[in-house]
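Before any comments, here is the structure.
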Amino acid sequence: AMDEGMIGSEYYLTILQNDLNDLYFNKVSGLISTTWINIPLVYTQLVTLAVQFYFLVRLLAMQFLQPTTFSVENGHYVQVEYGTPDSLNLAGYDENKHDYYFPLFTIIEFVFFFGWLKVAETLINPFGDD
């Protein structure tokens, strides 16, 4: 670049060389040295299982509720089968109202969590296996 006249003087050439040396020796070598630290496989497996277990529990916890119903006999509550006439539930849940719905926010949360999980798995080995 100096021979072609792209750099005006020796001073600017020296500054450019110092900046390139600083970039290589401080930044790139620091990045390469961080790839030598291995993250144990157990951590990645644990995080993967924790995220999958969280969404399994979340999916099961958001299902339709069918509370235990009771009937009053001799002043005591006796458990009866669901749908028995004149029975009541002590939970205060209205069993005539069904709570089926499409879990939109859970699906969005699922996409974000698993996306972040895949990014984290990629960051374990950012330069690939080559």
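Every chain in the structure tokens has a letter given in the order shown (A, B, ...), and although residue numbers restart at 1 in each chain, ligands are simply numbered from 1 in the order shown.
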Close residues, range 50-57 of chain A itself excluded, 9 Å, only C-alpha atoms, min 2 positions apart in chain, as an MDAnalysis selection string: chainID A and resid 45:48 59:62 106 110 113:114 117
Applying 7 Å and only C-alpha atoms, which residues near range 69-79 of chain A remain after dropping the ones on its own chain fewer than 6 positions away? List them as a PyMOL selection string. chain A and resi 87-89
Those residues with N, CA, C and O atoms, as a PDB file, in the first residue's frame please?
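Writing done, so here's result_9.pdb:
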ATOM      1  N   SER A  87     -73.427 -32.475  43.405  1.00  0.00           N
ATOM      2  CA  SER A  87     -72.098 -32.535  44.023  1.00  0.00           C
ATOM      3  C   SER A  87     -71.430 -31.169  43.868  1.00  0.00           C
ATOM      4  O   SER A  87     -71.818 -30.368  43.024  1.00  0.00           O
ATOM      5  N   LEU A  88     -70.465 -30.914  44.707  1.00  0.00           N
ATOM      6  CA  LEU A  88     -69.759 -29.644  44.635  1.00  0.00           C
ATOM      7  C   LEU A  88     -68.266 -29.889  44.801  1.00  0.00           C
ATOM      8  O   LEU A  88     -67.847 -30.899  45.361  1.00  0.00           O
ATOM      9  N   ASN A  89     -67.500 -28.958  44.293  1.00  0.00           N
ATOM     10  CA  ASN A  89     -66.056 -29.054  44.494  1.00  0.00           C
ATOM     11  C   ASN A  89     -65.636 -28.009  45.499  1.00  0.00           C
ATOM     12  O   ASN A  89     -66.151 -26.905  45.518  1.00  0.00           O
TER      13      ASN A  89
END
From the DSSP assignment of the backbone, select every residue of chain A that is alpha helix (DSSP H), and format the answer as a PyMOL selection string. chain A and resi 10-22+29-34+41-61+104-124
Where in chain A does DSSP assign strand (DSSP E), given as a list in words? Thr69, Phe70, Ser71, Val72, Glu73, His76, Tyr77, Val78, Gln79, Val80, Leu88 and Asn89 of chain A
Output file for the selection above: N, CA and C atoms, as an mmCIF file, in the first residue's frame:
data_model
loop_
_atom_site.group_PDB
_atom_site.id
_atom_site.type_symbol
_atom_site.label_atom_id
_atom_site.label_comp_id
_atom_site.auth_asym_id
_atom_site.auth_seq_id
_atom_site.Cartn_x
_atom_site.Cartn_y
_atom_site.Cartn_z
ATOM 1 N N THR A 69 -64.901 -33.940 43.301
ATOM 2 C CA THR A 69 -66.215 -33.459 43.733
ATOM 3 C C THR A 69 -66.643 -34.193 44.994
ATOM 4 N N PHE A 70 -67.427 -33.482 45.806
ATOM 5 C CA PHE A 70 -67.882 -34.013 47.075
ATOM 6 C C PHE A 70 -69.390 -33.853 47.174
ATOM 7 N N SER A 71 -69.985 -34.705 47.997
ATOM 8 C CA SER A 71 -71.404 -34.613 48.298
ATOM 9 C C SER A 71 -71.546 -34.579 49.819
ATOM 10 N N VAL A 72 -72.559 -33.905 50.307
ATOM 11 C CA VAL A 72 -72.772 -33.793 51.752
ATOM 12 C C VAL A 72 -73.715 -34.907 52.193
ATOM 13 N N GLU A 73 -73.218 -35.763 53.090
ATOM 14 C CA GLU A 73 -74.035 -36.844 53.652
ATOM 15 C C GLU A 73 -73.855 -36.834 55.163
ATOM 16 N N HIS A 76 -71.215 -34.492 56.640
ATOM 17 C CA HIS A 76 -69.812 -34.697 56.280
ATOM 18 C C HIS A 76 -69.676 -34.704 54.758
ATOM 19 N N TYR A 77 -68.515 -34.265 54.306
ATOM 20 C CA TYR A 77 -68.226 -34.293 52.875
ATOM 21 C C TYR A 77 -67.703 -35.672 52.495
ATOM 22 N N VAL A 78 -68.333 -36.258 51.483
ATOM 23 C CA VAL A 78 -67.938 -37.578 50.993
ATOM 24 C C VAL A 78 -67.558 -37.422 49.532
ATOM 25 N N GLN A 79 -66.416 -37.991 49.160
ATOM 26 C CA GLN A 79 -65.951 -37.881 47.774
ATOM 27 C C GLN A 79 -66.822 -38.738 46.876
ATOM 28 N N VAL A 80 -67.282 -38.139 45.773
ATOM 29 C CA VAL A 80 -68.107 -38.861 44.809
ATOM 30 C C VAL A 80 -67.483 -38.747 43.432
ATOM 31 N N LEU A 88 -70.465 -30.914 44.707
ATOM 32 C CA LEU A 88 -69.759 -29.644 44.635
ATOM 33 C C LEU A 88 -68.266 -29.889 44.801
ATOM 34 N N ASN A 89 -67.500 -28.958 44.293
ATOM 35 C CA ASN A 89 -66.056 -29.054 44.494
ATOM 36 C C ASN A 89 -65.636 -28.009 45.499
#
Can you work out which one of A:Leu41, A:Leu65, A:Ile108, A:Ala91 has the shortest atom-to-atom distance to Ile124 in chain A, counting only C-alpha atoms? A:Leu41
Can you work out which one of A:Thr68, A:Glu81, A:Met2, A:Leu90 has the shortest atom-to-atom distance to Gln17 in chain A, counting only C-alpha atoms?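 Smallest distance to Gln17 in chain A is found for A:Met2.
If only C-alpha atoms are the atoms counted, then among A:Asn21, A:Arg58, A:Tyr43, A:Gly83 the closest residue to Ile107 in chain A is A:Arg58.
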State, in Å with one decimal place, the distance from CA of Leu123 in chain A to CA of Thr44 in chain A. 11.3 Å
Contact residues around Asp3 in chain A with only C-alpha atoms at 12 Å, ignoring same-chain residues under 6 positions, as a PDB file with C-alpha atoms, in the first residue's frame:
ATOM      1  CA  SER A   9       3.774   8.870   5.068  1.00  0.00           C
ATOM      2  CA  GLU A  10       5.913   6.571   7.191  1.00  0.00           C
ATOM      3  CA  LEU A  13       2.348   3.230   8.107  1.00  0.00           C
TER       4      LEU A  13
END
